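To keep things clear, I will list the structure first and then write my remarks on it.
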Amino acid sequence: MHHVTLDQWSRGASVLHRRDPRVKIAAVLMFLVVLATAHRELAWLGAALFTVLCVAARQARLPLRGALARAGVVLPFTAVFAGVSWLAGDPARGAVLVMKSYLSALAVLLLVSTTPLPALLRGFEMTGAPRFLLMVAQFLYRYLFVISEEAQHMRKAALARGATVGGLAGNAARFRAAAGALAVLFARSYGRAEEIHRAMLARSFPGYFRPLIELHLHGGDVIFLVLGVVTPVALRVLIERAA
Amino acid sequence: MHIPDGFLSTPVWAALDAAAAPVVGYVVRVAQRGFDEAKVPLLGVMGAFVFAAQMINFPVGIGTSGHLVGGALLACTLGPAAACVVMSAILAIQALVFQDGGILALGANVINMAILGVLAGYLPYHLWGRSRGRRAAIFAGGALSVAVSAVLALAELLISGVRMPAAVLGVSLALFLVSALIEGAITMTVIGALEAIQPNFVRQPAAGGRYALVAVGLAAVLLAAGGVVVASRAPDGIAQLAIQTGISGRARTLVSTPFKDYQASWLGAGWPAQAAAGLVGLALVGGVSVLIWRKR
Amino acid sequence: MSPLVLVRGLRYQYDDGTLALNGVNFRLEAGETVALLGANGSGKTTFALHLNGLLSGQGTVEVCGLPVNPKNVVEVRRKIGLVFQDSESQLFMPTVLEDVAFGPLNHGLSPKEAAQRAMAALEQVGMAAAAGKAPYHLSAGEKKRVAIAGILAVEPDILVLDEPTTFLDPPGQRALAQLLSALPQAKILITHDMQFARAMCSRAAFFRNGVIVEEGSVEQMAQRYEWDFIAPRTT
């Protein structure tokens, strides 16, 4: 599964893995903005930015081919629109869509593959995202694994129950069986949440989370920040000047 | 429909990010107020539930199947503000971990699916959830939530200059309609099954007027409907409209004045014209929802 | 010396009208390990949730001489640690270390002290090497150890464990028994596992319909209430 692989990748120990999540977020945001606002010399810019990402992936000791393939998850969606643009007589725009969306996805993929998600969410606090929302996202991610497993069991149960009847009546039965399975999954998830809450109270949860690890910027982080922010801007300025 | 990065023009994603930030901040505060601190695990686990629910397929015809999207279901069970928070968290995780939807486009996706989609999905239940037409209201809510999100996304893409022949546009709208009806049916059936397990999972809609909620939900529906009309006319309709009303001219001066010539062309010439008109509407809804909701 | 836990006439009714506890009396002395036996739904877990104020019914509950009430609840939760049946619900933080440090942080320790306490507790249960791991990637037995470490990190006087052996394979059960025997705290074990109860507990209390109907040795309870697994005879 995609998220399990990324979770494993994110626990590496490379230079990029060790950077403070905040500087990585800043660098990726800068990368995305530079790419999204570019309108000239896109072929050159795309090639240059792609090279930067490949170098970063190597520095992070990620399997390059695996990373490139995984960023391809955006391509089916993009391909549809690229095709549509082509039909509408604007193939160039289609190509731009493919390039921009793929490079953006690859940049985000590198961010997530070099930063464990909880640390990443901590880092996003600096963007002003509400802490409550980020904690909800953290719990979502923690229990995604658990609830997904339960959903697999429910799916099998639903398939087994609705499988006997054929035709339209069978469809209706399977539809209701799936709804029943979802309702049970909902009830279990709800019960699970109550139990988690009890476990939190039993350990004296005061109503807010106190972080165990404080984030500190080190020298390496500052260097990375400067590099990460300057590189995409400089590349774009150079390419557009040269043209 | 999760919009990836690279699809929206700069003013569209920037404005929607700017609109989404205060709105999300606001729904978070409302959700925290209506709930005690118990809700962090509850909202997180229910988010995981919506994620996991996508594994369970609903057969809807010959060889095809759909799955739950969840906005309306969450609104009927957790309340609209909490549902907005859960859906926002889901979109954030999808964008980060699954590269499903962009980071710069997160504001657009949040506004489409987590805010306006959820509120539009809650609207019928809020209005008719206590009447005899309750089941129909739940069905309509599920359908509306998906239809509103999808059409808003489509409109944003068109405003951003993604070109689409009329035939493709028609097919897309037809597909949206089908998935909306599927979501309506799933939401209605699941809520029926939930009530059979434990009736108090499903909240009764708050009695009395929460006019703000109705206003925002209604605005979302109207906006989406407007999007359909504009979109179905011609892909260039919005740009035309902007030129006719003169917004484009003003927007262009506004944007290009602070820059030198070559810098403005950096950003591409035509975009303020295409973007301004439709954007104003979307940003307005965001702003208005914060203002009215705060008064409550 | 006053008993560690003293419960008198505890009654509790759920919102739906079910009478879960109907006058429970119970004592726990220092150094004791007591098994709570009885059918599913007889009130054992509901009883345990009263000991640290997660539920509150009528009657008196005292922990280390402190009446359990909203005023004392923080102090009580420091004295008595509850290990839930499903570790997955108990280990809610993203990493093992953060989870074990959760209690100490809530009791006002600085992040540095909390991390030290957490590491010490992880050493005690033999899980120090897993500090940086995500709980999801641990085995059931490892999860249970980490859950216990999360309780030990608060340095309680009493441990309450709800069905600790469920989800564990026999070697895991054996390791758990060794770990628990080595801990000096008084313990209350809610369990259906009679072999485990025999090995661990000096005393047993039998629950039926929301009351403790009898106390004695685990063996006495097993015989009096036929509370043991016996393979049906096949001919």
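Order determines the names: the first chain of the structure tokens is A, the second B, and so forth; residues in each chain are numbered 1 upward, and ligands are numbered 1 upward as they are shown.
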Report task. Name all residues at most 10 Å from Gly191 of chain A (count only C-alpha atoms; drop same-chain ones fewer than 5 positions away) and give them as JSON, numbers by chain. Result -> {"A": [185, 186, 196, 197], "B": [42, 45]}
Export of the given selection (C-alpha atoms) as a PDB file, in the first residue's frame:
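The result, written out as out28.pdb:
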ATOM      1  CA  LEU A 185     -17.826   0.000  10.694  1.00  0.00           C
ATOM      2  CA  PHE A 186     -19.141   3.415  11.724  1.00  0.00           C
ATOM      3  CA  ILE A 196      -9.325   6.101  23.073  1.00  0.00           C
ATOM      4  CA  HIS A 197     -10.791   9.045  24.887  1.00  0.00           C
TER       5      HIS A 197
ATOM      6  CA  LEU B  42     -13.527  11.170  17.712  1.00  0.00           C
ATOM      7  CA  VAL B  45     -11.115   8.194  13.997  1.00  0.00           C
TER       8      VAL B  45
END
Requested in this report: Using DSSP on the backbone, list every residue of chain C that comes out as alpha helix (DSSP H), and give them as an MDAnalysis selection string.
Outcome: chainID C and resid 44:51 73:79 87:90 96:100 102:106 111:124 140:152 170:182 194:200 218:224
Report task. Could you give me, as a list in words, each residue of segment 6-225 of chain B that DSSP assigns to strand (DSSP E or B) when run on this structure's backbone? Result ->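 Those in segment 6-225 of chain B that DSSP calls strand (DSSP E or B) are Phe58, Pro59, Val60, Gly61, Thr64, Ser65 and Gly66 of chain B.
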Keeping C-alpha atoms for every residue in the selection just given, could you write it to a file as an mmCIF file, in the first residue's frame?
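That gives us selection-v3.cif:
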data_model
loop_
_atom_site.group_PDB
_atom_site.id
_atom_site.type_symbol
_atom_site.label_atom_id
_atom_site.label_comp_id
_atom_site.auth_asym_id
_atom_site.auth_seq_id
_atom_site.Cartn_x
_atom_site.Cartn_y
_atom_site.Cartn_z
ATOM 1 C CA PHE B 58 -21.625 -0.410 -3.573
ATOM 2 C CA PRO B 59 -22.873 -2.140 -6.718
ATOM 3 C CA VAL B 60 -24.865 0.328 -8.788
ATOM 4 C CA GLY B 61 -25.453 -1.409 -12.060
ATOM 5 C CA THR B 64 -19.899 -0.754 -11.937
ATOM 6 C CA SER B 65 -19.732 0.291 -8.338
ATOM 7 C CA GLY B 66 -19.495 3.436 -6.249
#
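Among A:Gly180, A:Gly89, A:Pro118, A:Pro76, the residue with the shortest atom-to-atom distance to Asp7 of chain A, counting only C-alpha atoms, is A:Pro118.
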What are the nearest atom pairs, with distances in Å to one decimal, for all residues of chain C that come at most 8 Å from chain A, using only C-alpha atoms, set out by chain and rising residue number as a tab-separated table?
residue	atom	partner	partner_atom	distance
C:Asn52	CA	A:Ala202	CA	7.0
C:Leu54	CA	A:Arg198	CA	7.0
C:Val74	CA	A:Ser204	CA	6.3
C:Arg77	CA	A:Ala202	CA	6.3
C:Arg78	CA	A:Arg203	CA	7.8
C:Gly81	CA	A:Ala202	CA	7.3
C:Leu82	CA	A:Ala202	CA	6.6
C:Phe84	CA	A:Ala199	CA	7.2
C:Glu88	CA	A:Val146	CA	7.9
C:Ser89	CA	A:Ile196	CA	4.8
C:Gln90	CA	A:Ala199	CA	5.5
C:Phe92	CA	A:Arg142	CA	7.0
C:Met93	CA	A:Arg142	CA	7.5
C:Pro94	CA	A:Arg142	CA	6.4
C:Glu98	CA	A:Leu212	CA	6.4
C:Ala101	CA	A:Leu212	CA	7.4
C:Phe102	CA	A:Arg203	CA	7.4
C:Gly103	CA	A:Arg203	CA	5.0
C:Leu105	CA	A:Arg210	CA	6.6
C:Asn106	CA	A:Ser204	CA	5.9
C:His107	CA	A:Ser204	CA	7.1
C:Pro111	CA	A:Leu212	CA	5.0
C:Lys112	CA	A:Leu212	CA	7.8
C:Ala114	CA	A:Leu212	CA	7.7
C:Ala115	CA	A:Leu212	CA	7.3
C:Tyr136	CA	A:Phe145	CA	7.5
C:Ile151	CA	A:Arg203	CA	7.6
Could you write those residues out with C-alpha atoms, as a PDB file, in the first residue's frame?
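Below you can see part-v3.pdb, which holds the result:
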ATOM      1  CA  ASN C  52     -10.007   6.095  38.562  1.00  0.00           C
ATOM      2  CA  LEU C  54     -13.861   7.469  34.484  1.00  0.00           C
ATOM      3  CA  VAL C  74      -5.856  13.917  38.975  1.00  0.00           C
ATOM      4  CA  ARG C  77      -5.122   8.797  38.301  1.00  0.00           C
ATOM      5  CA  ARG C  78      -1.496   9.139  39.297  1.00  0.00           C
ATOM      6  CA  GLY C  81      -2.965   2.960  36.296  1.00  0.00           C
ATOM      7  CA  LEU C  82      -5.480   1.339  33.965  1.00  0.00           C
ATOM      8  CA  PHE C  84      -7.153  -1.342  28.629  1.00  0.00           C
ATOM      9  CA  GLU C  88      -4.560  -0.256  19.863  1.00  0.00           C
ATOM     10  CA  SER C  89      -6.881   2.175  21.633  1.00  0.00           C
ATOM     11  CA  GLN C  90      -4.403   2.824  24.400  1.00  0.00           C
ATOM     12  CA  PHE C  92      -2.817   6.614  20.350  1.00  0.00           C
ATOM     13  CA  MET C  93       0.323   8.700  19.923  1.00  0.00           C
ATOM     14  CA  PRO C  94       2.438   8.504  16.756  1.00  0.00           C
ATOM     15  CA  GLU C  98       5.617   9.906  22.758  1.00  0.00           C
ATOM     16  CA  ALA C 101       5.640  10.069  27.842  1.00  0.00           C
ATOM     17  CA  PHE C 102       1.991  11.136  27.490  1.00  0.00           C
ATOM     18  CA  GLY C 103       1.105  10.495  31.163  1.00  0.00           C
ATOM     19  CA  LEU C 105       3.741  15.208  30.440  1.00  0.00           C
ATOM     20  CA  ASN C 106       0.151  15.529  31.612  1.00  0.00           C
ATOM     21  CA  HIS C 107       1.320  15.368  35.204  1.00  0.00           C
ATOM     22  CA  PRO C 111       9.547  17.305  28.120  1.00  0.00           C
ATOM     23  CA  LYS C 112      13.082  16.279  29.091  1.00  0.00           C
ATOM     24  CA  ALA C 114       9.069  13.032  30.701  1.00  0.00           C
ATOM     25  CA  ALA C 115      11.303  11.526  28.035  1.00  0.00           C
ATOM     26  CA  TYR C 136       1.058   0.103  14.662  1.00  0.00           C
ATOM     27  CA  ILE C 151       1.193   3.312  32.924  1.00  0.00           C
TER      28      ILE C 151
END
Report summary line: Atom pair atom CA of Ala181 of chain A + atom CA of Ser145 of chain B, distance 22.3 Å
Do a neighbour search on segment 3-9 of chain B at 6 Å with only C-alpha atoms, toss out local chain neighbours closer than 5 positions, and write the hits as a short mmCIF file (atom, residue, chain, number, x, y, z; two decimals) with N, CA and C atoms, in the first residue's frame.
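Result file follows (out28.cif):
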data_model
loop_
_atom_site.label_atom_id
_atom_site.label_comp_id
_atom_site.auth_asym_id
_atom_site.auth_seq_id
_atom_site.Cartn_x
_atom_site.Cartn_y
_atom_site.Cartn_z
N ALA A 36 4.10 26.82 -10.26
CA ALA A 36 2.71 27.13 -10.60
C ALA A 36 2.58 28.47 -11.30
N LEU A 97 -0.09 20.85 -18.30
CA LEU A 97 -0.81 20.25 -17.16
C LEU A 97 -0.07 19.02 -16.66
N LYS A 100 3.37 20.14 -14.97
CA LYS A 100 3.24 20.84 -13.69
C LYS A 100 2.67 19.92 -12.60
N SER A 101 1.65 19.14 -12.94
CA SER A 101 1.04 18.33 -11.89
C SER A 101 1.98 17.21 -11.47
N GLY B 101 -4.77 15.33 -4.96
CA GLY B 101 -5.08 16.75 -4.76
C GLY B 101 -3.80 17.48 -4.39
N GLY B 102 -3.66 18.72 -4.88
CA GLY B 102 -2.42 19.46 -4.69
C GLY B 102 -2.33 20.16 -3.35
N ALA B 105 -3.40 23.74 -4.27
CA ALA B 105 -4.81 23.62 -4.59
C ALA B 105 -5.63 23.15 -3.39
N SER B 160 -9.79 28.77 -14.73
CA SER B 160 -8.33 28.75 -14.85
C SER B 160 -7.87 28.57 -16.28
#
Query - Residues near His67 of chain B, cut-off 12 Å, only C-alpha atoms, skip fewer than 3 positions along chain, as a ChimeraX atom specification - result: /A:155,175,178-179,182 /B:50-60,64,70,146,179-187,190
Store the residues picked out above, limited to N, CA and C atoms, as a short mmCIF file (atom, residue, chain, number, x, y, z; two decimals), in the first residue's frame.
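Saved result, result39.cif, follows:
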data_model
loop_
_atom_site.label_atom_id
_atom_site.label_comp_id
_atom_site.auth_asym_id
_atom_site.auth_seq_id
_atom_site.Cartn_x
_atom_site.Cartn_y
_atom_site.Cartn_z
N ARG A 155 -15.59 -5.83 4.34
CA ARG A 155 -15.80 -5.97 2.90
C ARG A 155 -16.02 -7.43 2.55
N PHE A 175 -26.13 -4.07 -2.26
CA PHE A 175 -26.09 -2.65 -1.88
C PHE A 175 -26.45 -2.50 -0.40
N ALA A 178 -23.70 -3.85 1.80
CA ALA A 178 -22.58 -2.91 1.92
C ALA A 178 -22.94 -1.79 2.89
N ALA A 179 -24.19 -1.29 2.81
CA ALA A 179 -24.62 -0.23 3.73
C ALA A 179 -24.58 -0.74 5.16
N LEU A 182 -21.03 -0.80 6.32
CA LEU A 182 -20.53 0.54 6.65
C LEU A 182 -21.08 1.01 7.98
N VAL B 50 -14.04 7.35 7.22
CA VAL B 50 -14.43 7.78 5.87
C VAL B 50 -13.42 7.28 4.83
N PHE B 51 -12.14 7.38 5.20
CA PHE B 51 -11.08 6.84 4.34
C PHE B 51 -11.31 5.36 4.06
N ALA B 52 -11.45 4.61 5.15
CA ALA B 52 -11.56 3.16 5.04
C ALA B 52 -12.85 2.77 4.32
N ALA B 53 -13.88 3.59 4.46
CA ALA B 53 -15.18 3.28 3.84
C ALA B 53 -15.06 3.19 2.33
N GLN B 54 -14.01 3.83 1.77
CA GLN B 54 -13.87 3.79 0.32
C GLN B 54 -13.52 2.40 -0.20
N MET B 55 -13.10 1.52 0.74
CA MET B 55 -12.79 0.15 0.32
C MET B 55 -14.04 -0.67 0.10
N ILE B 56 -15.16 -0.21 0.66
CA ILE B 56 -16.38 -1.00 0.55
C ILE B 56 -17.16 -0.51 -0.67
N ASN B 57 -17.33 -1.40 -1.63
CA ASN B 57 -17.96 -1.02 -2.88
C ASN B 57 -19.46 -1.23 -2.84
N PHE B 58 -20.17 -0.30 -3.44
CA PHE B 58 -21.63 -0.41 -3.57
C PHE B 58 -21.95 -0.70 -5.04
N PRO B 59 -22.53 -1.85 -5.32
CA PRO B 59 -22.87 -2.14 -6.72
C PRO B 59 -24.00 -1.22 -7.17
N VAL B 60 -23.84 -0.60 -8.33
CA VAL B 60 -24.86 0.33 -8.79
C VAL B 60 -25.36 0.01 -10.19
N THR B 64 -20.50 -1.96 -12.50
CA THR B 64 -19.90 -0.75 -11.94
C THR B 64 -20.26 -0.64 -10.46
N GLY B 70 -18.90 10.84 1.81
CA GLY B 70 -18.98 10.97 3.26
C GLY B 70 -19.37 12.31 3.85
N VAL B 146 -22.11 16.01 -3.27
CA VAL B 146 -21.21 15.61 -4.35
C VAL B 146 -21.37 16.52 -5.57
N SER B 179 -22.89 10.27 -10.13
CA SER B 179 -22.22 10.02 -8.85
C SER B 179 -22.93 10.72 -7.71
N ALA B 180 -23.58 11.84 -8.00
CA ALA B 180 -24.36 12.51 -6.96
C ALA B 180 -25.51 11.63 -6.51
N LEU B 181 -26.21 11.03 -7.47
CA LEU B 181 -27.34 10.18 -7.11
C LEU B 181 -26.86 8.96 -6.31
N ILE B 182 -25.70 8.42 -6.71
CA ILE B 182 -25.16 7.27 -5.98
C ILE B 182 -24.86 7.66 -4.54
N GLU B 183 -24.21 8.83 -4.35
CA GLU B 183 -23.89 9.26 -2.99
C GLU B 183 -25.17 9.46 -2.18
N GLY B 184 -26.21 10.00 -2.84
CA GLY B 184 -27.49 10.17 -2.14
C GLY B 184 -28.02 8.83 -1.66
N ALA B 185 -28.00 7.84 -2.55
CA ALA B 185 -28.53 6.52 -2.20
C ALA B 185 -27.70 5.88 -1.09
N ILE B 186 -26.36 5.99 -1.19
CA ILE B 186 -25.51 5.39 -0.17
C ILE B 186 -25.75 6.06 1.18
N THR B 187 -25.75 7.39 1.18
CA THR B 187 -25.94 8.12 2.43
C THR B 187 -27.25 7.72 3.09
N VAL B 190 -27.10 4.00 4.38
CA VAL B 190 -26.21 3.82 5.54
C VAL B 190 -26.83 4.45 6.78
#
Query raised in the report: Which chain B residues are at most 12 Å from chain C (counting only C-alpha atoms), as number ranges by chain?
Result: B: 40-42, 44-45, 198, 200
Write out as a CSV table (one decimal) with C-alpha atoms, in the first residue's frame the residues lying within 7 Å of segment 58-65 of chain C, counting only C-alpha atoms and excluding same-chain residues fewer than 5 positions away.
chain,number,residue,atom,x,y,z
C,2,SER,CA,-5.4,1.8,55.2
C,3,PRO,CA,-6.2,-0.5,52.2
C,4,LEU,CA,-5.0,0.7,48.8
C,5,VAL,CA,-8.5,0.4,47.3
C,6,LEU,CA,-11.7,0.5,49.4
C,7,VAL,CA,-15.1,0.3,47.7
C,8,ARG,CA,-18.4,0.2,49.6
C,9,GLY,CA,-21.9,-0.2,48.2
C,10,LEU,CA,-21.0,0.9,44.7
C,11,ARG,CA,-24.0,1.1,42.4
C,12,TYR,CA,-24.1,2.3,38.8
C,51,LEU,CA,-11.5,3.1,40.4
C,76,VAL,CA,-6.1,9.3,41.9
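Closest approach to chain A among B:Leu177, B:Ala193, B:Ala153, B:Met188 is made by B:Ala193 (distances from only C-alpha atoms).
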